[in-house]
Number of protein chains: 2
Amino acid sequence: MLDYKLLEALTAVVEEGGFERAARRLNITQSAVSQRVRLLETTLGQPVLARTQPPSPTSAGTMLLRHARRVELLEAELGCEVQEATQAKGWRTLAVGINADSLATWFVAAVLPLVAQEGITFDVKSDDQERTQDLLRKGEVAGCVSTRETAIQGCRAVFLGVMRYHCACTPEFAERWFPAGLDLGAARLAPAVVFNRHDTVHDRFLSARLGESPLQAPRHHVPDSLRFVDFVLGGAGYGMIPHMQAIPPLAEGRLVDLAPGDALPVRLFWHCWNLESPLLDTLTRALLQSSRTELIQGQT
Amino acid sequence: MLDYKLLEALTAVVEEGGFERAARRLNITQSAVSQRVRLLETTLGQPVLARTQPPSPTSAGTMLLRHARRVELLEAELGCEVQEATQAKGWRTLAVGINADSLATWFVAAVLPLVAQEGITFDVKSDDQERTQDLLRKGEVAGCVSTRETAIQGCRAVFLGVMRYHCACTPEFAERWFPAGLDLGAARLAPAVVFNRHDTVHDRFLSARLGESPLQAPRHHVPDSLRFVDFVLGGAGYGMIPHMQAIPPLAEGRLVDLAPGDALPVRLFWHCWNLESPLLDTLTRALLQSSRTELIQGQT
């Protein structure tokens, strides 16, 4: 069997971004950490870590990390008494990849009850909803919320629900920029608010509705889910707002829907390692329960 | 002089992350974009773009981009009539690097009035407050909010104010995990909430206060400024909360300050290109005005 003390050193260096912090986390000296990583490399006959700043795993190192994280989860399931000193006793860490809009809306309420109940610490990594699956593929997370439907090898996928995005702006903005409604001519001139350059929701909506998404139009990029909405509320542009965040301002008349009845549906899936793990099962159930309440609202 | 049509193609490919989107933004064919980039490379006698996915600039390409962005800003200042078809007429884009906590708190209110008044689109890039300056150094942004005091070459720096972070948790959490107050023994066991692994606020505070920041303690990582606060409010851990977000829950008794009178001060600076630019001057003034109102509150 592999020497897991060595693997643990590798994991700590990568997660903490350096040998010094890894040493502090493991409560050993920095030279002991280096020694363990070197010994792992000697055992395997190949490098596992590029000594860059921060250190990054080689492809062999990435495979080892993916393996180590699964073993850690399985070990955590055995119960507190067999947990290693890598973590404070009784705590289990779950790394998850969550798309920014889910993180800003329904995710936290779903997992907070688990935190107290199950003694879990969450290591949330946020990325675009079309890219969270890469985190799972690389083994950096045990599960992710993704728009992809197909499970990757060694993982399972369940349908969470549909998140709907309304194309919205202030009434004054609509009057000035879309006097004849949402058409391509107006969309070529009107300033838009987009999350970031990986965000495809805006372009997909306009392409489906107008045949193209004019990239020549002025665009704000505001990579914070709530401030994004503030930009739209402040009249800076029009943008695609998740149903849950759009409903109050639409009801109060602070926003208007530029395409009533034509919200863009984004189907979300939960992907996680296909392991016999009560912890992953509990998390999956909690996410499903919360998403069924929160996301299905978007269907009405 | 350089052929700016070629440079514009390079900029579009890098900003849009590909030749196809660049072509759509510039309203030319994809092969015209490739041709322009190749011609630029022939002129300079060296590659400017690695054809990776997404394409990334070489070091020569990076220098050209930095130059192109400054020229764009200066050109925008000339007035609408001379603006190129790269952008919808009358709009000027300002790329800025903003730390996550500033973006979540005072930044948007500061710039929203400018958006309507000046016809600016903002391209906000969010990063850690100790790393935003790298975006400026690489020329990806015209200005940034940073903790660094010293201006880099070709840039100027102004002091924005002090953002104070309170070490806070719920009263129940304090009672359970810090019955004798904030000491090192308790901090070794209590779960903490940290933004992400680049966030140094938590470690700096504990190191200053307790002599070390125990990395063995359980940690949640929640990379969303508001959900981070929700984790603390939900009793999942203790964490460093910006003054503006901490004050209401502290006043209502939903949170307690584990180190009253000892909030961690983080000095913030605005760095921007040292150009004769009324646009940058206007932005700088707006940020200073807003930060003086919002950030100085943290000093009391």
# chains A, B, ... in the order shown; residues from 1 in each chain; ligands from 1
>>> interface_residues(of="chain A", to="chain B", cutoff="7 Å", atoms="only C-alpha atoms", output="number ranges by chain")
A: 16, 24-26, 87-88, 91, 104, 108, 112, 115-116, 121-126, 189, 197, 215-223, 227, 234, 236
>>> select_by_dssp(residues="range 169-293 of chain A", states="strand (DSSP E)", output="count of residues only")
23
>>> select_by_dssp(residues="range 122-174 of chain A", states="helix (DSSP H, G or I)", output="PyMOL selection string")
chain A and resi 132-137+171-174
>>> residues_around(residues="Ser31 in chain B", least_positions_apart="4", cutoff="10 Å", atoms="only C-alpha atoms", output="PyMOL selection string")
chain B and resi 19-20+23+35-37
>>> write_last_selection(atoms="N, CA and C atoms", output="CSV table (one decimal), in the first residue's frame")
chain,number,residue,atom,x,y,z
B,19,PHE,N,-10.9,33.4,-31.0
B,19,PHE,CA,-10.9,34.1,-32.3
B,19,PHE,C,-12.4,34.3,-32.7
B,20,GLU,N,-13.2,33.3,-32.4
B,20,GLU,CA,-14.6,33.4,-32.9
B,20,GLU,C,-15.4,34.6,-32.3
B,23,ALA,N,-14.0,37.9,-33.4
B,23,ALA,CA,-14.5,38.3,-34.8
B,23,ALA,C,-15.9,38.9,-34.6
B,35,GLN,N,-5.7,36.6,-39.5
B,35,GLN,CA,-4.8,37.3,-40.4
B,35,GLN,C,-4.1,38.5,-39.7
B,36,ARG,N,-4.9,39.3,-39.0
B,36,ARG,CA,-4.4,40.5,-38.3
B,36,ARG,C,-3.4,40.1,-37.3
B,37,VAL,N,-3.7,39.0,-36.5
B,37,VAL,CA,-2.8,38.6,-35.5
B,37,VAL,C,-1.5,38.1,-36.1
>>> residues_around(residues="range 283-297 of chain A", least_positions_apart="6", cutoff="7 Å", atoms="only C-alpha atoms", output="VMD selection string")
chain A and resid 106 110 to 111 160 to 163
>>> write_last_selection(atoms="all heavy atoms", output="PDB file, in the first residue's frame")
ATOM      1  N   TRP A 106     -29.347  29.651  -3.190  1.00  0.00           N
ATOM      2  CA  TRP A 106     -29.945  28.595  -2.379  1.00  0.00           C
ATOM      3  C   TRP A 106     -28.958  27.699  -1.642  1.00  0.00           C
ATOM      4  O   TRP A 106     -29.344  26.991  -0.710  1.00  0.00           O
ATOM      5  CB  TRP A 106     -30.849  27.709  -3.248  1.00  0.00           C
ATOM      6  CG  TRP A 106     -30.095  27.027  -4.367  1.00  0.00           C
ATOM      7  CD1 TRP A 106     -29.810  27.550  -5.586  1.00  0.00           C
ATOM      8  CD2 TRP A 106     -29.518  25.725  -4.342  1.00  0.00           C
ATOM      9  NE1 TRP A 106     -29.083  26.662  -6.322  1.00  0.00           N
ATOM     10  CE2 TRP A 106     -28.897  25.539  -5.593  1.00  0.00           C
ATOM     11  CE3 TRP A 106     -29.466  24.702  -3.386  1.00  0.00           C
ATOM     12  CZ2 TRP A 106     -28.224  24.351  -5.912  1.00  0.00           C
ATOM     13  CZ3 TRP A 106     -28.798  23.529  -3.706  1.00  0.00           C
ATOM     14  CH2 TRP A 106     -28.183  23.358  -4.954  1.00  0.00           C
ATOM     15  N   ALA A 110     -29.124  25.480   2.275  1.00  0.00           N
ATOM     16  CA  ALA A 110     -29.221  24.025   2.181  1.00  0.00           C
ATOM     17  C   ALA A 110     -28.204  23.321   3.073  1.00  0.00           C
ATOM     18  O   ALA A 110     -28.499  22.299   3.679  1.00  0.00           O
ATOM     19  CB  ALA A 110     -29.026  23.578   0.728  1.00  0.00           C
ATOM     20  N   VAL A 111     -27.003  23.873   3.158  1.00  0.00           N
ATOM     21  CA  VAL A 111     -25.950  23.145   3.876  1.00  0.00           C
ATOM     22  C   VAL A 111     -25.757  23.570   5.323  1.00  0.00           C
ATOM     23  O   VAL A 111     -25.194  22.810   6.112  1.00  0.00           O
ATOM     24  CB  VAL A 111     -24.593  23.207   3.133  1.00  0.00           C
ATOM     25  CG1 VAL A 111     -24.732  22.636   1.735  1.00  0.00           C
ATOM     26  CG2 VAL A 111     -24.025  24.613   3.104  1.00  0.00           C
ATOM     27  N   LEU A 160     -31.124  18.562 -10.011  1.00  0.00           N
ATOM     28  CA  LEU A 160     -31.471  19.409  -8.868  1.00  0.00           C
ATOM     29  C   LEU A 160     -32.721  20.243  -9.120  1.00  0.00           C
ATOM     30  O   LEU A 160     -33.543  20.429  -8.236  1.00  0.00           O
ATOM     31  CB  LEU A 160     -30.321  20.367  -8.556  1.00  0.00           C
ATOM     32  CG  LEU A 160     -29.095  19.795  -7.848  1.00  0.00           C
ATOM     33  CD1 LEU A 160     -27.984  20.828  -7.840  1.00  0.00           C
ATOM     34  CD2 LEU A 160     -29.432  19.358  -6.434  1.00  0.00           C
ATOM     35  N   GLY A 161     -32.833  20.749 -10.328  1.00  0.00           N
ATOM     36  CA  GLY A 161     -33.967  21.617 -10.637  1.00  0.00           C
ATOM     37  C   GLY A 161     -33.575  22.619 -11.716  1.00  0.00           C
ATOM     38  O   GLY A 161     -32.473  22.564 -12.256  1.00  0.00           O
ATOM     39  N   VAL A 162     -34.505  23.511 -11.988  1.00  0.00           N
ATOM     40  CA  VAL A 162     -34.297  24.482 -13.057  1.00  0.00           C
ATOM     41  C   VAL A 162     -34.154  25.871 -12.441  1.00  0.00           C
ATOM     42  O   VAL A 162     -34.982  26.291 -11.643  1.00  0.00           O
ATOM     43  CB  VAL A 162     -35.495  24.480 -14.026  1.00  0.00           C
ATOM     44  CG1 VAL A 162     -35.301  25.538 -15.111  1.00  0.00           C
ATOM     45  CG2 VAL A 162     -35.663  23.108 -14.652  1.00  0.00           C
ATOM     46  N   MET A 163     -33.078  26.557 -12.786  1.00  0.00           N
ATOM     47  CA  MET A 163     -32.905  27.925 -12.343  1.00  0.00           C
ATOM     48  C   MET A 163     -33.297  28.791 -13.543  1.00  0.00           C
ATOM     49  O   MET A 163     -32.786  28.600 -14.637  1.00  0.00           O
ATOM     50  CB  MET A 163     -31.441  28.147 -11.967  1.00  0.00           C
ATOM     51  CG  MET A 163     -31.186  29.327 -11.097  1.00  0.00           C
ATOM     52  SD  MET A 163     -29.788  28.972  -9.976  1.00  0.00           S
ATOM     53  CE  MET A 163     -29.551  30.594  -9.255  1.00  0.00           C
TER      54      MET A 163
END
>>> residues_around(residues="Trp273 in chain B", least_positions_apart="5", cutoff="8 Å", atoms="only C-alpha atoms", output="VMD selection string")
chain B and resid 142 to 143 154 to 156
>>> atom_distance(atom1="CA of Asp3 in chain A", atom2="CA of Cys144 in chain A")
28.8 Å
>>> residues_around(residues="range 41-43 of chain A", least_positions_apart="6", cutoff="10 Å", atoms="only C-alpha atoms", output="VMD selection string")
chain A and resid 2 to 3 6 35 49 60 to 61
>>> closest_residue(among="A:Arg176, A:His271, A:Arg131, A:Arg69", to="Gln153 in chain A", atoms="only C-alpha atoms")
A:His271
>>> closest_residue(among="A:Ala157, A:Leu255, A:Met244, A:Leu10", to="Leu39 in chain A", atoms="only C-alpha atoms")
A:Leu10
>>> atom_distance(atom1="CA of Tyr4 in chain A", atom2="CA of Ala68 in chain A")
7.9 Å
>>> atom_distance(atom1="CA of Ser146 in chain B", atom2="CA of Gln129 in chain B")
5.0 Å
